[in-house]
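Colleague: Pasting a structure below so you can have a look.
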Amino acid sequence: MPPGPFGMDPAIWAVLRLVVAVALAAGLVFNGALAQIYLERKIQAIIQDRTGPMHTGPYGLLQTFADAIKLLGKEDIRARLTDHWFFLAAPSIVFAPMLASYVVIPFAPGVVGADLNIGLLYLTTLGSMTVLGIVLAGWASNNKYSLIGGLRSAGQLISYEVPQILSLVTVVLVVGSLSMVKIVDSQQGFLINFLILPLAFTTYFIAGLAETNRVPFDLPEAESELVAGFLTEYSGMRWGLFFVAEYGEVTVVCSIVAALFFGGWHGPLVDVHPLIGPILGVLWFTLKTYFFVLVFMWVRATLPRFRIDQLMSFCWLMLIPLTLLNLLVTAILLLVFPDNILPVAIANWVMLGGFAFSVPFLQRRRLASLRARLAARAAA
Amino acid sequence: MSSEIIEQALFALLTVGIIGAAAGVVFLNRITGAALLMAFTFFCMAGMFLLLGAETIAAFQVLIYVGAITVLILYGVMFTPQGDRDYRLFFQTQTPWAALFVVPIAIFVFVTALFAFRDSGNAGALGSDLGPLATSVFRDYAFPFEVASVLLLAAMIGAIVLVKRDED
């Protein structure tokens, strides 16, 4: 056990460190959720030509605080026929793994909870655990809309985990480590992983949208079809916990993107001073992460929702073959040219181009087959 | 308080968790509860692997068993009719015969465990098990690994064929 500061007993320091770390992570998550809800409202308002929250505080800044206080004060409603313990446990099962993810997120050099040498695997593991909570929430609510939401979420999350992990493995192949700190350290200067592996970034970003249940993949809670999906029976702070967990999950996915593909804490002036460096590192990392949070919101305001069959066929017929091909090509090129990263980069950009250009053609073929089927039905 | 005591306390807690949850899986009347307790058992097993210094295996344990297998089982449970099941389903007529076979085996396993693992020492330093795991799976035991994956593939194709035949 590491000795504590000020000559503190190591055993006491170990416990105290845990308390401080959990409190810090919880503070980050809750404040991040408040900030992101405000941002989300404002950005959607701008895109939809509205003003968004305006009246509570300057520029409506206090609106989310008021909402949070309202949520905390709400009556805890629980329908009589819900499955008592599962209904209570589900929000925590969704929330806890998300909170635990913050252990390995590399904020700056030296500012990281624990530099696990399986950091990336740990993150995907925790990401896969939230499915259990959502399925349980859908089941325990004893409501058909909740159940459909839970089942959809199980299918969606398990399917999209495959391309997600496959695209991460490509990065691990190039970097040669699963540790988040080592992955960030490998991207000094301008040669960030995005320039080497743009296709892996694209597929991870799409799969990340699906993993966090964000539009266009928000089928488990599709308002216009399922009331609110697995959230239907929840209210008050239990509902709030699901909501906070979703925003925390978005932050985790975006920080993985920032750390893996965009150099994490690296930025101008990080190496100048041992005291200012970490502060600047945290700043760059946060800015990069929130840039992708903003892209998530932009996507939400722009794209319509998938249909369930489109969702599944896109994953199994498009993303998984693509990520498998990417993995295969990257592995072969790394074996053939062990000292040169350029062939991998060229192959990845070419595949990304092929993917981007093939989408309209596939879409047209799909539409044509759909029209043919409709015409056949009309004729029959 | 040293780290050894903490380790032993964790071991005791995890053991209670594994055995208690496993017993719950067998004896519980409610099938969703049993599925969730099974997830808990897997989770405690991952904790055991962590105590042994096999963090990669622990991560895979949670990733595959808690994140995927349990969800699939819950998925299956949701499509089966619900209702309280008779306890006779658990304690059937062959219970005495089963006890006759199980008790000697259990005694044998217990005695072996008591004597064989007394001086097995430390299971290894806490640290990376990623390298040894990778070399053993992809180099030393590559052939059995491939055979196992082909077997799983055959089983999966067989399941799909069986389902498809019913549909036609």
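Ligands are numbered from 1 in the order shown, residues from 1 within each chain, and chains are lettered A, B, ... in the order they appear in the structure tokens.
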Set out as JSON lines a contact list for chain B and chain A with a cut-off of 9 Å, giving each residue of chain B that qualifies its closest atom pair and distance in Å to one decimal, counting only C-alpha atoms, ordered by chain and rising residue number.
Modeller:
```
{"residue": "B:Met1", "atom": "CA", "partner": "A:Ala11", "partner_atom": "CA", "distance": 6.8}
{"residue": "B:Ser2", "atom": "CA", "partner": "A:Ala11", "partner_atom": "CA", "distance": 7.7}
{"residue": "B:Ser3", "atom": "CA", "partner": "A:Met1", "partner_atom": "CA", "distance": 7.3}
{"residue": "B:Thr32", "atom": "CA", "partner": "A:Leu136", "partner_atom": "CA", "distance": 8.9}
{"residue": "B:Gly33", "atom": "CA", "partner": "A:Phe86", "partner_atom": "CA", "distance": 8.4}
{"residue": "B:Leu36", "atom": "CA", "partner": "A:Leu132", "partner_atom": "CA", "distance": 8.8}
{"residue": "B:Glu55", "atom": "CA", "partner": "A:Ile118", "partner_atom": "CA", "distance": 7.6}
{"residue": "B:Thr56", "atom": "CA", "partner": "A:Ile118", "partner_atom": "CA", "distance": 6.7}
{"residue": "B:Ala59", "atom": "CA", "partner": "A:Tyr122", "partner_atom": "CA", "distance": 6.1}
{"residue": "B:Phe60", "atom": "CA", "partner": "A:Thr125", "partner_atom": "CA", "distance": 7.3}
{"residue": "B:Gln61", "atom": "CA", "partner": "A:Thr125", "partner_atom": "CA", "distance": 8.9}
{"residue": "B:Val62", "atom": "CA", "partner": "A:Thr125", "partner_atom": "CA", "distance": 6.3}
{"residue": "B:Leu63", "atom": "CA", "partner": "A:Thr125", "partner_atom": "CA", "distance": 4.6}
{"residue": "B:Ile64", "atom": "CA", "partner": "A:Thr125", "partner_atom": "CA", "distance": 8.3}
{"residue": "B:Val66", "atom": "CA", "partner": "A:Met129", "partner_atom": "CA", "distance": 6.6}
{"residue": "B:Gly67", "atom": "CA", "partner": "A:Met129", "partner_atom": "CA", "distance": 4.8}
{"residue": "B:Ala68", "atom": "CA", "partner": "A:Ile158", "partner_atom": "CA", "distance": 6.7}
{"residue": "B:Thr70", "atom": "CA", "partner": "A:Leu132", "partner_atom": "CA", "distance": 7.6}
{"residue": "B:Val71", "atom": "CA", "partner": "A:Leu132", "partner_atom": "CA", "distance": 5.9}
{"residue": "B:Leu72", "atom": "CA", "partner": "A:Ala154", "partner_atom": "CA", "distance": 7.9}
{"residue": "B:Leu74", "atom": "CA", "partner": "A:Val135", "partner_atom": "CA", "distance": 7.8}
{"residue": "B:Tyr75", "atom": "CA", "partner": "A:Leu151", "partner_atom": "CA", "distance": 6.9}
{"residue": "B:Met78", "atom": "CA", "partner": "A:Trp139", "partner_atom": "CA", "distance": 7.6}
{"residue": "B:Gly127", "atom": "CA", "partner": "A:Asn117", "partner_atom": "CA", "distance": 8.3}
{"residue": "B:Ser128", "atom": "CA", "partner": "A:Asn117", "partner_atom": "CA", "distance": 6.7}
{"residue": "B:Leu130", "atom": "CA", "partner": "A:Ile118", "partner_atom": "CA", "distance": 8.0}
```
Colleague: Find the residues near Gly353 (chain A): any atom within 12 Å, counting only C-alpha atoms, skip ones fewer than 5 places away on the same chain, and give them as an NGL selection string.
Modeller: :A and (198-199 or 202 or 346-348 or 358-359)
Colleague: Which residues, written as a PDB file with C-alpha atoms, in the first residue's frame, have at least one atom at most 12 Å from Ala200 (chain A), with only C-alpha atoms counted and residues fewer than 2 positions away on the same chain left out?
Modeller:
```pdb
ATOM      1  CA  PRO A 163     -18.187  -3.510 -34.058  1.00  0.00           C
ATOM      2  CA  GLN A 164     -17.284  -1.322 -31.089  1.00  0.00           C
ATOM      3  CA  ILE A 165     -14.778  -3.789 -29.689  1.00  0.00           C
ATOM      4  CA  LEU A 166     -13.461  -4.700 -33.143  1.00  0.00           C
ATOM      5  CA  SER A 167     -12.686  -1.062 -33.943  1.00  0.00           C
ATOM      6  CA  LEU A 168     -10.962  -0.615 -30.586  1.00  0.00           C
ATOM      7  CA  VAL A 169      -8.863  -3.717 -31.226  1.00  0.00           C
ATOM      8  CA  THR A 170      -7.548  -2.096 -34.406  1.00  0.00           C
ATOM      9  CA  VAL A 171      -6.210   0.815 -32.359  1.00  0.00           C
ATOM     10  CA  VAL A 172      -4.694  -1.607 -29.855  1.00  0.00           C
ATOM     11  CA  LEU A 173      -2.950  -3.429 -32.719  1.00  0.00           C
ATOM     12  CA  VAL A 174      -1.354  -0.229 -33.963  1.00  0.00           C
ATOM     13  CA  ASN A 193      -4.389   7.905 -34.350  1.00  0.00           C
ATOM     14  CA  PHE A 194      -7.222   9.552 -36.261  1.00  0.00           C
ATOM     15  CA  LEU A 195      -4.838  10.235 -39.145  1.00  0.00           C
ATOM     16  CA  ILE A 196      -3.757   6.574 -39.137  1.00  0.00           C
ATOM     17  CA  LEU A 197      -7.106   4.895 -38.475  1.00  0.00           C
ATOM     18  CA  PRO A 198      -9.962   7.112 -39.700  1.00  0.00           C
ATOM     19  CA  THR A 202     -15.843   6.257 -37.842  1.00  0.00           C
ATOM     20  CA  THR A 203     -17.057   2.782 -36.942  1.00  0.00           C
ATOM     21  CA  TYR A 204     -16.323   3.339 -33.251  1.00  0.00           C
ATOM     22  CA  PHE A 205     -18.188   6.623 -33.293  1.00  0.00           C
ATOM     23  CA  ILE A 206     -21.266   5.023 -34.890  1.00  0.00           C
ATOM     24  CA  ALA A 207     -21.152   2.069 -32.491  1.00  0.00           C
ATOM     25  CA  GLY A 208     -20.652   4.487 -29.589  1.00  0.00           C
ATOM     26  CA  VAL A 257     -12.619   8.897 -28.667  1.00  0.00           C
ATOM     27  CA  LEU A 260      -7.690   6.920 -28.499  1.00  0.00           C
ATOM     28  CA  PHE A 261      -7.964   8.870 -31.714  1.00  0.00           C
ATOM     29  CA  LEU A 319     -20.524  -2.440 -39.651  1.00  0.00           C
ATOM     30  CA  ILE A 320     -19.358  -5.878 -38.541  1.00  0.00           C
ATOM     31  CA  LEU A 322     -16.366  -3.579 -42.350  1.00  0.00           C
ATOM     32  CA  THR A 323     -14.673  -3.668 -38.950  1.00  0.00           C
ATOM     33  CA  LEU A 324     -13.595  -7.288 -39.503  1.00  0.00           C
ATOM     34  CA  LEU A 325     -12.069  -6.336 -42.847  1.00  0.00           C
ATOM     35  CA  ASN A 326     -10.370  -3.349 -41.249  1.00  0.00           C
ATOM     36  CA  LEU A 327      -8.935  -5.548 -38.495  1.00  0.00           C
ATOM     37  CA  VAL A 329      -6.083  -5.577 -43.312  1.00  0.00           C
ATOM     38  CA  THR A 330      -4.469  -3.701 -40.419  1.00  0.00           C
ATOM     39  CA  VAL A 344      -1.930   1.048 -42.630  1.00  0.00           C
ATOM     40  CA  ALA A 345      -2.922   4.702 -42.874  1.00  0.00           C
ATOM     41  CA  ALA A 347      -5.366   1.372 -46.529  1.00  0.00           C
ATOM     42  CA  ASN A 348      -7.579   2.847 -43.824  1.00  0.00           C
ATOM     43  CA  TRP A 349      -8.258   6.072 -45.723  1.00  0.00           C
ATOM     44  CA  MET A 351     -11.480   1.843 -47.002  1.00  0.00           C
ATOM     45  CA  LEU A 352     -13.112   4.870 -45.382  1.00  0.00           C
ATOM     46  CA  PHE A 355     -17.453   3.070 -47.179  1.00  0.00           C
TER      47      PHE A 355
END
```
Colleague: Find, counting only C-alpha atoms, the residue in A:Cys254, A:Val29, A:Ala368, A:Leu219 that gets nearest to Ala96 (chain A).
Modeller: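 Checking each of A:Cys254, A:Val29, A:Ala368, A:Leu219 against Ala96 (chain A), counting only C-alpha atoms, the winner is A:Val29.
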Colleague: As a PyMOL selection string, please: the residues near region 42-46 of chain B (cut-off 7 Å, only C-alpha atoms, same-chain neighbours under 3 positions excluded).
Modeller: chain B and resi 14+17-18+38-39+49-50+58+61-62+65-66
Colleague: Hey, what's within 6 Å of Gly229 (chain A) if we count only C-alpha atoms and toss same-chain stuff fewer than 3 positions away? As a list in words, please?
Modeller: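 That gives Tyr145, Ser146, Gly149, Pro220, Glu221, Leu226 and Thr232 of chain A.
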Colleague: Would you output that residue set with all heavy atoms, as a short mmCIF file (atom, residue, chain, number, x, y, z; two decimals), in the first residue's frame?
Modeller:
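And here's out_35.cif as it stands now:
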```
data_model
loop_
_atom_site.label_atom_id
_atom_site.label_comp_id
_atom_site.auth_asym_id
_atom_site.auth_seq_id
_atom_site.Cartn_x
_atom_site.Cartn_y
_atom_site.Cartn_z
N TYR A 145 -44.74 -1.55 -22.89
CA TYR A 145 -43.83 -0.64 -23.58
C TYR A 145 -42.43 -0.73 -23.00
O TYR A 145 -41.43 -0.73 -23.73
CB TYR A 145 -44.35 0.79 -23.50
CG TYR A 145 -45.69 0.94 -24.18
CD1 TYR A 145 -46.83 1.24 -23.46
CD2 TYR A 145 -45.79 0.75 -25.54
CE1 TYR A 145 -48.05 1.36 -24.09
CE2 TYR A 145 -47.01 0.86 -26.18
CZ TYR A 145 -48.14 1.17 -25.45
OH TYR A 145 -49.34 1.28 -26.07
N SER A 146 -42.37 -0.82 -21.66
CA SER A 146 -41.06 -0.96 -21.02
C SER A 146 -40.38 -2.23 -21.48
O SER A 146 -39.19 -2.24 -21.78
CB SER A 146 -41.21 -1.01 -19.50
OG SER A 146 -41.83 0.13 -19.03
N GLY A 149 -39.04 -1.94 -24.87
CA GLY A 149 -37.83 -1.12 -24.82
C GLY A 149 -36.65 -1.91 -24.31
O GLY A 149 -35.55 -1.84 -24.88
N PRO A 220 -34.59 2.00 -27.78
CA PRO A 220 -35.12 1.51 -26.50
C PRO A 220 -36.02 2.52 -25.81
O PRO A 220 -36.82 2.15 -24.97
CB PRO A 220 -33.87 1.23 -25.68
CG PRO A 220 -32.81 0.99 -26.67
CD PRO A 220 -33.13 1.85 -27.83
N GLU A 221 -35.89 3.82 -26.12
CA GLU A 221 -36.73 4.80 -25.44
C GLU A 221 -37.46 5.69 -26.44
O GLU A 221 -37.72 6.86 -26.17
CB GLU A 221 -35.89 5.64 -24.48
CG GLU A 221 -34.57 6.06 -25.06
CD GLU A 221 -33.68 6.71 -24.04
OE1 GLU A 221 -34.07 7.76 -23.57
OE2 GLU A 221 -32.61 6.17 -23.73
N LEU A 226 -42.93 4.09 -28.11
CA LEU A 226 -42.97 3.29 -26.88
C LEU A 226 -43.22 4.12 -25.62
O LEU A 226 -42.78 3.73 -24.56
CB LEU A 226 -41.63 2.55 -26.71
CG LEU A 226 -41.26 1.52 -27.74
CD1 LEU A 226 -39.91 0.94 -27.41
CD2 LEU A 226 -42.28 0.41 -27.76
N THR A 232 -40.53 4.23 -18.93
CA THR A 232 -41.93 4.63 -18.80
C THR A 232 -42.40 4.68 -17.35
O THR A 232 -43.04 5.65 -16.93
CB THR A 232 -42.82 3.66 -19.58
OG1 THR A 232 -42.33 3.59 -20.91
CG2 THR A 232 -44.25 4.12 -19.59
#
```
Colleague: Go through B:Gly53, B:Ile69, B:Ile160, B:Ile105 and flag the residue nearest Asp129 (chain B), using only C-alpha atoms for the distances.
Modeller: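 The closest residue to Asp129 (chain B) is B:Gly53.
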Colleague: Can you list, as number ranges by chain, every protein, DNA or RNA residue that comes within 8 Å of region 38-53 of chain A when you count only C-alpha atoms, leaving out same-chain residues fewer than 5 positions away?
Modeller: A: 59-61, 63-64, 294, 297-298, 301
Colleague: So that I have them on file, write out the residues from the current selection with all heavy atoms, as a compact mmCIF listing (two decimals), in the first residue's frame.
Modeller:
```txt
# COMPACT_ATOMS: atom_id res chain seq x y z
N TYR A 59 -29.20 33.86 -19.43
CA TYR A 59 -29.24 32.91 -20.56
C TYR A 59 -29.85 31.57 -20.18
O TYR A 59 -29.52 30.54 -20.75
CB TYR A 59 -27.84 32.68 -21.15
CG TYR A 59 -27.15 33.95 -21.58
CD1 TYR A 59 -26.15 34.51 -20.82
CD2 TYR A 59 -27.53 34.58 -22.76
CE1 TYR A 59 -25.53 35.69 -21.20
CE2 TYR A 59 -26.93 35.76 -23.15
CZ TYR A 59 -25.93 36.31 -22.37
OH TYR A 59 -25.33 37.46 -22.75
N GLY A 60 -30.69 31.54 -19.16
CA GLY A 60 -31.30 30.27 -18.76
C GLY A 60 -30.33 29.31 -18.13
O GLY A 60 -30.59 28.11 -18.06
N LEU A 61 -29.18 29.81 -17.63
CA LEU A 61 -28.14 28.92 -17.11
C LEU A 61 -28.61 28.11 -15.90
O LEU A 61 -28.12 27.01 -15.65
CB LEU A 61 -26.91 29.74 -16.71
CG LEU A 61 -25.87 29.91 -17.81
CD1 LEU A 61 -24.83 30.93 -17.39
CD2 LEU A 61 -25.21 28.58 -18.09
N GLN A 63 -31.56 26.89 -15.37
CA GLN A 63 -32.73 26.04 -15.65
C GLN A 63 -32.48 24.59 -15.25
O GLN A 63 -33.31 23.96 -14.60
CB GLN A 63 -33.04 26.11 -17.14
CG GLN A 63 -34.27 25.33 -17.55
CD GLN A 63 -35.53 25.88 -16.89
OE1 GLN A 63 -35.78 27.07 -16.91
NE2 GLN A 63 -36.30 24.99 -16.28
N THR A 64 -31.30 24.03 -15.59
CA THR A 64 -31.06 22.62 -15.27
C THR A 64 -30.94 22.41 -13.76
O THR A 64 -31.34 21.37 -13.26
CB THR A 64 -29.78 22.10 -15.96
OG1 THR A 64 -28.78 23.08 -15.81
CG2 THR A 64 -30.03 21.86 -17.42
N LEU A 294 -20.56 17.61 -28.21
CA LEU A 294 -21.33 18.53 -29.06
C LEU A 294 -21.71 17.86 -30.38
O LEU A 294 -22.81 18.06 -30.89
CB LEU A 294 -20.52 19.81 -29.34
CG LEU A 294 -20.32 20.74 -28.17
CD1 LEU A 294 -19.69 22.04 -28.63
CD2 LEU A 294 -21.63 21.03 -27.48
N MET A 297 -24.68 15.81 -29.91
CA MET A 297 -25.92 16.60 -29.86
C MET A 297 -26.32 17.08 -31.24
O MET A 297 -27.51 17.10 -31.58
CB MET A 297 -25.72 17.80 -28.94
CG MET A 297 -25.57 17.37 -27.50
SD MET A 297 -24.96 18.68 -26.49
CE MET A 297 -24.83 17.80 -24.95
N TRP A 298 -25.32 17.44 -32.03
CA TRP A 298 -25.58 17.86 -33.40
C TRP A 298 -26.24 16.72 -34.17
O TRP A 298 -27.25 16.92 -34.87
CB TRP A 298 -24.23 18.25 -34.00
CG TRP A 298 -24.21 18.68 -35.42
CD1 TRP A 298 -25.27 19.10 -36.17
CD2 TRP A 298 -23.07 18.74 -36.26
NE1 TRP A 298 -24.85 19.42 -37.41
CE2 TRP A 298 -23.50 19.20 -37.51
CE3 TRP A 298 -21.72 18.44 -36.08
CZ2 TRP A 298 -22.63 19.37 -38.57
CZ3 TRP A 298 -20.86 18.62 -37.14
CH2 TRP A 298 -21.31 19.08 -38.37
N ALA A 301 -29.88 16.34 -33.21
CA ALA A 301 -30.80 17.32 -33.76
C ALA A 301 -30.97 17.17 -35.27
O ALA A 301 -31.85 17.79 -35.85
CB ALA A 301 -30.31 18.72 -33.44
```
Colleague: One decimal, Å: what's the distance from CA of Lys144 (chain A) over to CA of Arg300 (chain A), could you say?
Modeller: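 Computing the Euclidean distance for CA of Lys144 (chain A) and CA of Arg300 (chain A) yields 26.2 Å.
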Colleague: Report as a list in words: the residues of region 162-195 of chain A with a DSSP assignment of helix (DSSP H, G or I), based on the backbone of this structure.
Modeller: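 Filtering region 162-195 of chain A to helix (DSSP H, G or I) leaves Val162, Pro163, Gln164, Ile165, Leu166, Ser167, Leu168, Val169, Thr170, Val171, Val172, Leu173, Val174, Val175, Met180, Val181, Lys182, Ile183, Val184, Asp185, Asn193, Phe194 and Leu195 of chain A.
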Colleague: Rounded to one decimal in Å, what is the spacing between CA of Tyr290 (chain A) and CA of Ile105 (chain A)?
Modeller: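 Pair CA of Tyr290 (chain A) / CA of Ile105 (chain A) returns 14.3 Å.
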Colleague: Excluding Phe11 (chain B) and residues on its chain fewer than 4 positions from it, collect all residues at most 10 Å away from it, counting only C-alpha atoms, and give them as number ranges by chain.
Modeller: B: 5-7, 15-17, 44, 47-48, 51
Colleague: Any chance you can output those residues with N, CA and C atoms as a JSON list (two decimals), in the first residue's frame?
Modeller:
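Result file is selection.json:
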```
[["chain", "number", "residue", "atom", "x", "y", "z"],
["B", 5, "ILE", "N", -4.43, -9.33, 5.38],
["B", 5, "ILE", "CA", -5.73, -9.50, 6.05],
["B", 5, "ILE", "C", -6.85, -9.05, 5.12],
["B", 6, "ILE", "N", -6.61, -7.91, 4.43],
["B", 6, "ILE", "CA", -7.64, -7.41, 3.51],
["B", 6, "ILE", "C", -7.90, -8.43, 2.42],
["B", 7, "GLU", "N", -6.80, -9.04, 1.91],
["B", 7, "GLU", "CA", -6.94, -10.03, 0.85],
["B", 7, "GLU", "C", -7.79, -11.21, 1.32],
["B", 15, "THR", "N", -16.14, -15.69, -1.53],
["B", 15, "THR", "CA", -16.58, -17.07, -1.41],
["B", 15, "THR", "C", -18.03, -17.14, -0.98],
["B", 16, "VAL", "N", -18.37, -16.33, 0.05],
["B", 16, "VAL", "CA", -19.75, -16.31, 0.51],
["B", 16, "VAL", "C", -20.67, -15.89, -0.64],
["B", 17, "GLY", "N", -20.22, -14.87, -1.39],
["B", 17, "GLY", "CA", -21.03, -14.40, -2.52],
["B", 17, "GLY", "C", -21.25, -15.48, -3.55],
["B", 44, "CYS", "N", -18.72, -12.32, -8.83],
["B", 44, "CYS", "CA", -17.83, -12.70, -7.73],
["B", 44, "CYS", "C", -16.68, -13.56, -8.24],
["B", 47, "GLY", "N", -14.10, -11.40, -9.39],
["B", 47, "GLY", "CA", -13.34, -10.90, -8.25],
["B", 47, "GLY", "C", -12.26, -11.89, -7.82],
["B", 48, "MET", "N", -12.61, -13.19, -7.84],
["B", 48, "MET", "CA", -11.63, -14.24, -7.52],
["B", 48, "MET", "C", -10.44, -14.18, -8.47],
["B", 51, "LEU", "N", -8.21, -11.42, -7.55],
["B", 51, "LEU", "CA", -7.37, -11.74, -6.39],
["B", 51, "LEU", "C", -6.19, -12.61, -6.80]]
```
